[in-house]
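Everything below belongs to data_17.cif, which stores mmCIF, C-alpha atoms.
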```
data_target
#
loop_
_atom_site.label_atom_id
_atom_site.label_comp_id
_atom_site.auth_asym_id
_atom_site.auth_seq_id
_atom_site.Cartn_x
_atom_site.Cartn_y
_atom_site.Cartn_z
CA SER X 1 -43.83 24.52 -27.58
CA ALA X 2 -43.75 22.03 -24.72
CA VAL X 3 -43.30 22.80 -21.05
CA ILE X 4 -41.12 20.26 -19.28
CA SER X 5 -40.50 19.86 -15.58
CA GLN X 6 -37.92 17.71 -13.86
CA LYS X 7 -37.68 16.45 -10.32
CA PRO X 8 -35.53 16.80 -8.34
CA SER X 9 -33.83 19.97 -9.51
CA ARG X 10 -30.71 18.93 -7.63
CA ASP X 11 -29.53 16.23 -5.27
CA ILE X 12 -26.48 15.09 -3.38
CA CYS X 13 -26.07 11.33 -3.18
CA GLN X 14 -23.66 8.89 -1.65
CA ARG X 15 -21.65 6.59 -3.86
CA GLY X 16 -23.22 3.20 -4.41
CA THR X 17 -26.78 4.51 -4.17
CA SER X 18 -29.19 5.33 -7.00
CA LEU X 19 -31.12 8.41 -8.05
CA THR X 20 -34.30 8.46 -10.07
CA ILE X 21 -35.07 11.59 -12.06
CA GLN X 22 -38.59 12.32 -13.21
CA CYS X 23 -39.52 14.19 -16.37
CA GLN X 24 -43.06 15.47 -16.93
CA VAL X 25 -44.32 17.08 -20.14
CA ASP X 26 -47.46 19.18 -20.46
CA SER X 27 -48.51 17.48 -23.71
CA GLN X 28 -48.37 14.02 -25.23
CA VAL X 29 -45.15 13.33 -27.08
CA THR X 30 -43.85 10.29 -28.87
CA MET X 31 -40.14 10.62 -28.31
CA MET X 32 -38.30 11.70 -25.21
CA PHE X 33 -34.57 11.98 -24.80
CA TRP X 34 -32.21 11.89 -21.85
CA TYR X 35 -28.91 13.79 -21.93
CA ARG X 36 -25.96 14.06 -19.60
CA GLN X 37 -23.97 17.27 -19.30
CA GLN X 38 -20.77 16.81 -17.34
CA PRO X 39 -19.28 19.90 -15.68
CA GLY X 40 -18.28 22.47 -18.29
CA GLN X 41 -19.05 20.08 -21.10
CA SER X 42 -21.56 19.69 -23.89
CA LEU X 43 -24.68 17.55 -23.90
CA THR X 44 -24.28 13.85 -24.58
CA LEU X 45 -27.30 11.78 -25.51
CA ILE X 46 -27.84 8.85 -23.16
CA ALA X 47 -30.92 7.26 -24.69
CA THR X 48 -34.13 7.75 -26.60
CA ALA X 49 -37.34 6.67 -24.90
CA ASN X 50 -40.49 5.83 -26.84
CA GLN X 51 -43.68 4.96 -25.04
CA GLY X 52 -44.43 1.25 -25.10
CA SER X 53 -40.98 0.10 -26.09
CA GLU X 54 -37.57 -0.27 -24.51
CA ALA X 55 -35.29 2.71 -24.59
CA THR X 56 -32.56 2.86 -27.20
CA TYR X 57 -29.17 3.57 -25.68
CA GLU X 58 -26.25 5.37 -27.26
CA SER X 59 -22.78 3.93 -27.39
CA GLY X 60 -21.19 3.97 -23.96
CA PHE X 61 -24.46 3.88 -22.03
CA VAL X 62 -26.09 0.67 -20.80
CA ILE X 63 -29.47 -0.17 -19.38
CA ASP X 64 -28.09 -1.61 -16.15
CA LYS X 65 -26.51 1.71 -15.28
CA PHE X 66 -29.22 4.01 -16.70
CA PRO X 67 -32.58 2.23 -16.63
CA ILE X 68 -35.37 4.29 -18.18
CA SER X 69 -39.11 3.99 -17.85
CA ARG X 70 -41.69 5.49 -20.18
CA PRO X 71 -45.11 4.50 -18.81
CA ASN X 72 -47.14 7.01 -20.84
CA LEU X 73 -46.87 9.80 -23.39
CA THR X 74 -46.23 12.57 -20.86
CA PHE X 75 -43.81 11.02 -18.38
CA SER X 76 -40.43 9.33 -18.15
CA THR X 77 -37.88 8.47 -15.50
CA LEU X 78 -34.14 8.00 -15.67
CA THR X 79 -32.38 6.14 -12.89
CA VAL X 80 -28.65 6.50 -12.41
CA SER X 81 -27.57 3.38 -10.58
CA ASN X 82 -24.58 2.46 -8.42
CA LEU X 83 -23.48 6.06 -8.27
CA SER X 84 -19.85 7.10 -8.40
CA PRO X 85 -18.31 10.59 -8.33
CA GLU X 86 -17.93 10.37 -12.12
CA ASP X 87 -21.73 10.45 -12.39
CA SER X 88 -21.78 14.00 -11.03
CA SER X 89 -23.44 15.87 -13.89
CA ILE X 90 -26.52 17.67 -15.02
CA TYR X 91 -29.13 15.36 -16.47
CA LEU X 92 -31.64 16.83 -18.91
CA CYS X 93 -34.69 15.40 -20.54
CA SER X 94 -36.04 16.72 -23.79
CA VAL X 95 -38.90 16.06 -26.16
CA ALA X 96 -39.07 16.22 -29.92
CA GLY X 97 -41.20 19.05 -31.22
CA PRO X 98 -42.19 19.94 -34.77
CA GLU X 99 -39.09 22.04 -35.33
CA THR X 100 -36.72 21.39 -32.49
CA GLN X 101 -36.25 19.70 -29.16
CA TYR X 102 -37.55 21.28 -26.00
CA PHE X 103 -35.53 20.80 -22.86
CA GLY X 104 -36.32 20.49 -19.21
CA PRO X 105 -34.49 22.62 -16.64
CA GLY X 106 -32.11 19.80 -15.74
CA THR X 107 -31.25 17.91 -12.58
CA ARG X 108 -27.90 18.65 -11.00
CA LEU X 109 -26.42 15.56 -9.34
CA LEU X 110 -23.45 15.58 -7.02
CA VAL X 111 -22.08 12.24 -5.87
CA LEU X 112 -19.91 12.18 -2.78
CA ALA N 1 -22.27 9.67 -38.12
CA GLN N 2 -22.74 13.33 -37.35
CA THR N 3 -20.16 15.58 -35.74
CA VAL N 4 -20.21 19.24 -34.75
CA THR N 5 -17.09 21.30 -34.12
CA GLN N 6 -16.96 24.63 -32.34
CA SER N 7 -13.42 25.97 -32.41
CA GLN N 8 -13.91 28.89 -30.03
CA PRO N 9 -14.14 27.70 -26.41
CA GLU N 10 -14.64 31.22 -25.06
CA MET N 11 -15.22 34.74 -26.36
CA SER N 12 -15.74 38.18 -24.87
CA VAL N 13 -17.17 41.28 -26.53
CA GLN N 14 -18.36 44.66 -25.40
CA GLU N 15 -22.03 45.35 -25.11
CA ALA N 16 -23.60 46.62 -28.39
CA GLU N 17 -20.87 45.05 -30.49
CA THR N 18 -21.43 42.35 -33.09
CA VAL N 19 -19.99 38.89 -32.49
CA THR N 20 -19.76 35.80 -34.68
CA LEU N 21 -19.57 32.28 -33.31
CA SER N 22 -18.13 29.60 -35.59
CA CYS N 23 -19.38 26.10 -36.20
CA THR N 24 -18.55 23.38 -38.67
CA TYR N 25 -20.30 20.08 -38.97
CA ASP N 26 -20.17 16.79 -40.78
CA THR N 27 -23.06 14.55 -41.65
CA SER N 28 -23.86 11.74 -44.02
CA GLU N 29 -27.53 12.69 -44.05
CA SER N 30 -28.98 14.41 -47.08
CA ASN N 31 -31.87 15.90 -45.14
CA TYR N 32 -30.84 17.55 -41.92
CA TYR N 33 -31.19 20.70 -39.91
CA LEU N 34 -28.93 22.86 -37.83
CA PHE N 35 -29.46 24.71 -34.57
CA TRP N 36 -27.93 27.19 -32.26
CA TYR N 37 -28.94 26.75 -28.62
CA LYS N 38 -28.20 29.08 -25.76
CA GLN N 39 -27.64 27.89 -22.19
CA PRO N 40 -27.50 30.74 -19.65
CA PRO N 41 -26.39 30.17 -16.06
CA SER N 42 -29.92 29.01 -15.26
CA ARG N 43 -29.06 25.83 -17.26
CA GLN N 44 -32.21 26.09 -19.35
CA MET N 45 -31.52 25.20 -22.98
CA ILE N 46 -33.09 27.79 -25.26
CA LEU N 47 -33.39 27.50 -29.01
CA VAL N 48 -31.87 30.57 -30.64
CA ILE N 49 -32.24 29.78 -34.31
CA ARG N 50 -32.91 26.88 -36.65
CA GLN N 51 -31.88 26.28 -40.27
CA GLU N 52 -33.09 23.56 -42.57
CA ALA N 53 -30.31 22.37 -44.84
CA TYR N 54 -32.43 22.41 -47.99
CA LYS N 55 -33.11 26.13 -47.60
CA GLN N 56 -30.55 28.40 -49.18
CA GLN N 57 -31.74 31.52 -47.40
CA ASN N 58 -30.01 32.18 -44.11
CA ALA N 59 -32.27 32.10 -41.07
CA THR N 60 -32.70 35.24 -38.98
CA GLU N 61 -34.37 35.88 -35.63
CA ASN N 62 -34.26 39.51 -34.60
CA ARG N 63 -30.63 40.21 -33.61
CA PHE N 64 -29.53 36.67 -34.42
CA SER N 65 -28.63 35.48 -37.90
CA VAL N 66 -26.68 32.63 -39.40
CA ASN N 67 -24.26 32.28 -42.27
CA PHE N 68 -24.98 28.83 -43.66
CA GLN N 69 -22.41 27.58 -46.13
CA LYS N 70 -23.62 24.12 -47.11
CA ALA N 71 -20.72 23.13 -49.34
CA ALA N 72 -18.23 24.12 -46.65
CA LYS N 73 -20.42 22.58 -43.92
CA SER N 74 -20.20 25.78 -41.98
CA PHE N 75 -22.94 27.31 -39.81
CA SER N 76 -21.88 30.45 -37.96
CA LEU N 77 -24.05 32.56 -35.67
CA LYS N 78 -23.95 36.34 -35.73
CA ILE N 79 -25.28 38.31 -32.78
CA SER N 80 -25.83 41.98 -33.54
CA ASP N 81 -26.09 44.73 -30.95
CA SER N 82 -25.09 42.29 -28.23
CA GLN N 83 -26.74 42.64 -24.85
CA LEU N 84 -25.71 41.61 -21.34
CA GLY N 85 -28.45 38.99 -21.40
CA ASP N 86 -26.71 37.28 -24.28
CA THR N 87 -24.04 36.07 -21.88
CA ALA N 88 -24.34 32.29 -22.02
CA MET N 89 -22.96 29.08 -23.39
CA TYR N 90 -23.85 28.66 -27.05
CA PHE N 91 -24.12 25.23 -28.62
CA CYS N 92 -24.20 24.47 -32.30
CA ALA N 93 -26.11 21.29 -33.11
CA THR N 94 -27.34 19.17 -35.97
CA GLY N 95 -30.20 16.73 -36.32
CA ASP N 96 -31.87 14.70 -39.00
CA TYR N 97 -35.41 13.80 -39.90
CA ARG N 98 -34.98 10.07 -39.35
CA ASP N 99 -34.92 9.88 -35.58
CA ASP N 100 -35.05 13.43 -34.22
CA LYS N 101 -31.73 12.95 -32.39
CA ILE N 102 -29.61 16.06 -32.01
CA ILE N 103 -25.81 16.06 -31.80
CA PHE N 104 -24.20 18.99 -30.02
CA GLY N 105 -20.86 20.70 -30.37
CA LYS N 106 -18.71 21.39 -27.32
CA GLY N 107 -19.99 24.93 -26.99
CA THR N 108 -18.66 28.48 -26.94
CA ARG N 109 -18.84 30.44 -23.71
CA LEU N 110 -19.77 34.02 -24.62
CA HIS N 111 -19.27 36.92 -22.24
CA ILE N 112 -20.89 40.27 -23.00
CA LEU N 113 -19.01 42.96 -21.14
CA PRO N 114 -20.66 46.18 -19.90
#
```

Go ahead and express the file in the form of structure tokens.
Amino acid sequence: SAVISQKPSRDICQRGTSLTIQCQVDSQVTMMFWYRQQPGQSLTLIATANQGSEATYESGFVIDKFPISRPNLTFSTLTVSNLSPEDSSIYLCSVAGPETQYFGPGTRLLVL
Amino acid sequence: AQTVTQSQPEMSVQEAETVTLSCTYDTSESNYYLFWYKQPPSRQMILVIRQEAYKQQNATENRFSVNFQKAAKSFSLKISDSQLGDTAMYFCATGDYRDDKIIFGKGTRLHILP
């Protein structure tokens, strides 16, 4: 299994600002994923991030709003830009393992 | 496209009872797998059980077992001898071998009552 950490664990931000979330894995992985979980809802995939290439975004998510970096095989960042109250959610990163995906503990974002 | 439907938003059972959570799915993939994940109040997503679609035998993990009906595209989770620590949100999910993406259902909130 993979151990994943995320920073920050939670944050409160003002609308119009941006938040960058870091995801660190304890082993090298090819594919990393970013999910959004709105309050009381399920997980929705934002994008898939492969090292050395641009992230692939799911329908409804765009790079200008959710830029992603993947500088190496153990690290990725997700930025949520131009924040609005609708961006208040939990953001989770995950990595593909041999039999499943392993998830980080999530970052809880509240936008005021 | 893949979809996952969980028709039970919330359930409550007494401790030590058996509970079954329902899930149906749809996929155009021929090779796929199915999951049940648990998300307790800590928010950490925990894999409960995994089933590969090509296997006819139902997966089991201790007190957790599934009833996989491939033709009906049904994948229910049975929790036996339920414990207070089983209280959590449970998500049914499906993925395929092409791109490792996982699609989640809306979840069932399970309360185990003392």

Practice prompt. Would you kindly report the residues of chain N within 10 Å of chain X, using all atoms listed in the file, as a ChimeraX atom specification?
Written response: /N:33-35,42-47,49-52,89-91,95,99-109

Discussion item. Translate the PyMOL selection byres ((chain X and resi 88) around 6) into a concrete residue list for this structure, as a VMD selection string.
Written reply: chain X and resid 85 to 87 89 109 to 111

Item to complete: Report the residues retrieved by the PyMOL selection byres ((chain N and resi 11) around 6) from the displayed file, expressed as a PyMOL selection string.
Response: chain N and resi 10+12+110

Mind writing the picked residues with C-alpha atoms as a compact mmCIF listing (two decimals), keeping the file's coordinate frame?
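Once written, selection10.txt looks like this:
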```
# COMPACT_ATOMS: atom_id res chain seq x y z
CA GLU N 10 -14.64 31.22 -25.06
CA SER N 12 -15.74 38.18 -24.87
CA LEU N 110 -19.77 34.02 -24.62
```

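Atom CA of X:Trp34 lies 19.2 Å from atom CA of N:Ala1.
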
Practice prompt. For atom CA of N:Ser76 and atom CA of X:Tyr91, quote the distance in Å rounded to one decimal.
Written response: 27.2 Å

Worksheet item: Hey, can you check how far atom CA of X:Ile21 sits from atom CA of X:Phe66?
Response: 10.6 Å

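With all atoms listed in the file as the basis for measurement, N:Leu21 is the residue among N:Gln56, N:Pro9, N:Leu21, N:Ser80 that approaches N:Tyr37 most closely.
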
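Among the candidates X:Ser53, X:Ser81, X:Ser59, X:Ser76, the residue lying nearest to X:Gln6 is X:Ser76 (atoms considered: only C-alpha atoms).
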
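This file gives the following result for the PyMOL selection byres ((chain X and resi 75) around 8): Gln22, Cys23, Gln24, Val25, Arg70, Pro71, Asn72, Leu73, Thr74, Ser76 and Thr77 of chain X.
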
Take the residues from that selection and put them in a file with C-alpha atoms, as a compact mmCIF listing (two decimals), in the frame of the given file.
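Result written to result.txt:
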```txt
# COMPACT_ATOMS: atom_id res chain seq x y z
CA GLN X 22 -38.59 12.32 -13.21
CA CYS X 23 -39.52 14.19 -16.37
CA GLN X 24 -43.06 15.47 -16.93
CA VAL X 25 -44.32 17.08 -20.14
CA ARG X 70 -41.69 5.49 -20.18
CA PRO X 71 -45.11 4.50 -18.81
CA ASN X 72 -47.14 7.01 -20.84
CA LEU X 73 -46.87 9.80 -23.39
CA THR X 74 -46.23 12.57 -20.86
CA SER X 76 -40.43 9.33 -18.15
CA THR X 77 -37.88 8.47 -15.50
```

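Shell of N:Ala53 at 10 Å, with all atoms listed in the file counted and residues fewer than 3 places along the chain excluded, is Ser30, Asn31, Tyr32, Tyr33, Leu34, Arg50, Gln56, Gln57, Asn58, Phe68, Gln69, Lys70, Lys73, Thr94 and Asp96 of chain N.
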
Dump C-alpha atoms for the selected residues as a PDB file, in the frame of the given file?
```
ATOM      1  CA  SER N  30     -28.980  14.410 -47.080  1.00  0.00           C
ATOM      2  CA  ASN N  31     -31.870  15.900 -45.140  1.00  0.00           C
ATOM      3  CA  TYR N  32     -30.840  17.550 -41.920  1.00  0.00           C
ATOM      4  CA  TYR N  33     -31.190  20.700 -39.910  1.00  0.00           C
ATOM      5  CA  LEU N  34     -28.930  22.860 -37.830  1.00  0.00           C
ATOM      6  CA  ARG N  50     -32.910  26.880 -36.650  1.00  0.00           C
ATOM      7  CA  GLN N  56     -30.550  28.400 -49.180  1.00  0.00           C
ATOM      8  CA  GLN N  57     -31.740  31.520 -47.400  1.00  0.00           C
ATOM      9  CA  ASN N  58     -30.010  32.180 -44.110  1.00  0.00           C
ATOM     10  CA  PHE N  68     -24.980  28.830 -43.660  1.00  0.00           C
ATOM     11  CA  GLN N  69     -22.410  27.580 -46.130  1.00  0.00           C
ATOM     12  CA  LYS N  70     -23.620  24.120 -47.110  1.00  0.00           C
ATOM     13  CA  LYS N  73     -20.420  22.580 -43.920  1.00  0.00           C
ATOM     14  CA  THR N  94     -27.340  19.170 -35.970  1.00  0.00           C
ATOM     15  CA  ASP N  96     -31.870  14.700 -39.000  1.00  0.00           C
TER      16      ASP N  96
END
```

Worksheet item: Please, which residues are within 10 Å of (-31.9, 36.3, -34.6) by the file's coordinates, counting all atoms listed in the file, and could they come as a ChimeraX atom specification?
Response: /N:48-50,59-66,77-80

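Each of X:Gln37, X:Glu54, X:Leu78, X:Ile68 was checked against N:Gln39 using all atoms listed in the file; the smallest atom-to-atom distance is that of X:Gln37.
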
Emit as JSON the padded axis-aligned box for all listed atoms of stretch 28-42 of chain X, 6 Å per side, with centre and edge lengths in Å to one decimal.
```
{"center_x": -33.3, "center_y": 16.4, "center_z": -22.3, "size_x": 42.1, "size_y": 24.2, "size_z": 25.2}
```

Worksheet, complete the sentence: Closest of X:Val29, X:Val3, X:Cys93, X:Gln14 to X:Gln51, counting all atoms listed in the file, is X:Val29

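Using all atoms listed in the file, the nearest neighbour of X:Val80 within the list X:Glu58, X:Asp64, X:Asp11, X:Asp26 is X:Asp64.
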
Discussion item. (-16.8, 41.3, -24.5) in this file's frame - what residues fall within 6 Å of it? Use only C-alpha atoms and give the answer as JSON, numbers by chain.
Written reply: {"N": [12, 13, 14, 111, 112, 113]}

Write out, as a short mmCIF file (atom, residue, chain, number, x, y, z; two decimals), keeping the file's coordinate frame, the residues just selected, with C-alpha atoms.
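In the end it all went to result.cif:
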```cif
data_model
loop_
_atom_site.label_atom_id
_atom_site.label_comp_id
_atom_site.auth_asym_id
_atom_site.auth_seq_id
_atom_site.Cartn_x
_atom_site.Cartn_y
_atom_site.Cartn_z
CA SER N 12 -15.74 38.18 -24.87
CA VAL N 13 -17.17 41.28 -26.53
CA GLN N 14 -18.36 44.66 -25.40
CA HIS N 111 -19.27 36.92 -22.24
CA ILE N 112 -20.89 40.27 -23.00
CA LEU N 113 -19.01 42.96 -21.14
#
```

Discussion item. So that I can see what lies close to N:Tyr25, please list as a list in words the residues with an atom at most 6 Å from it, counting all atoms listed in the file and leaving out residues fewer than 6 positions away in the same chain.
Written reply: Thr3, Val4, Thr5 and Lys73 of chain N
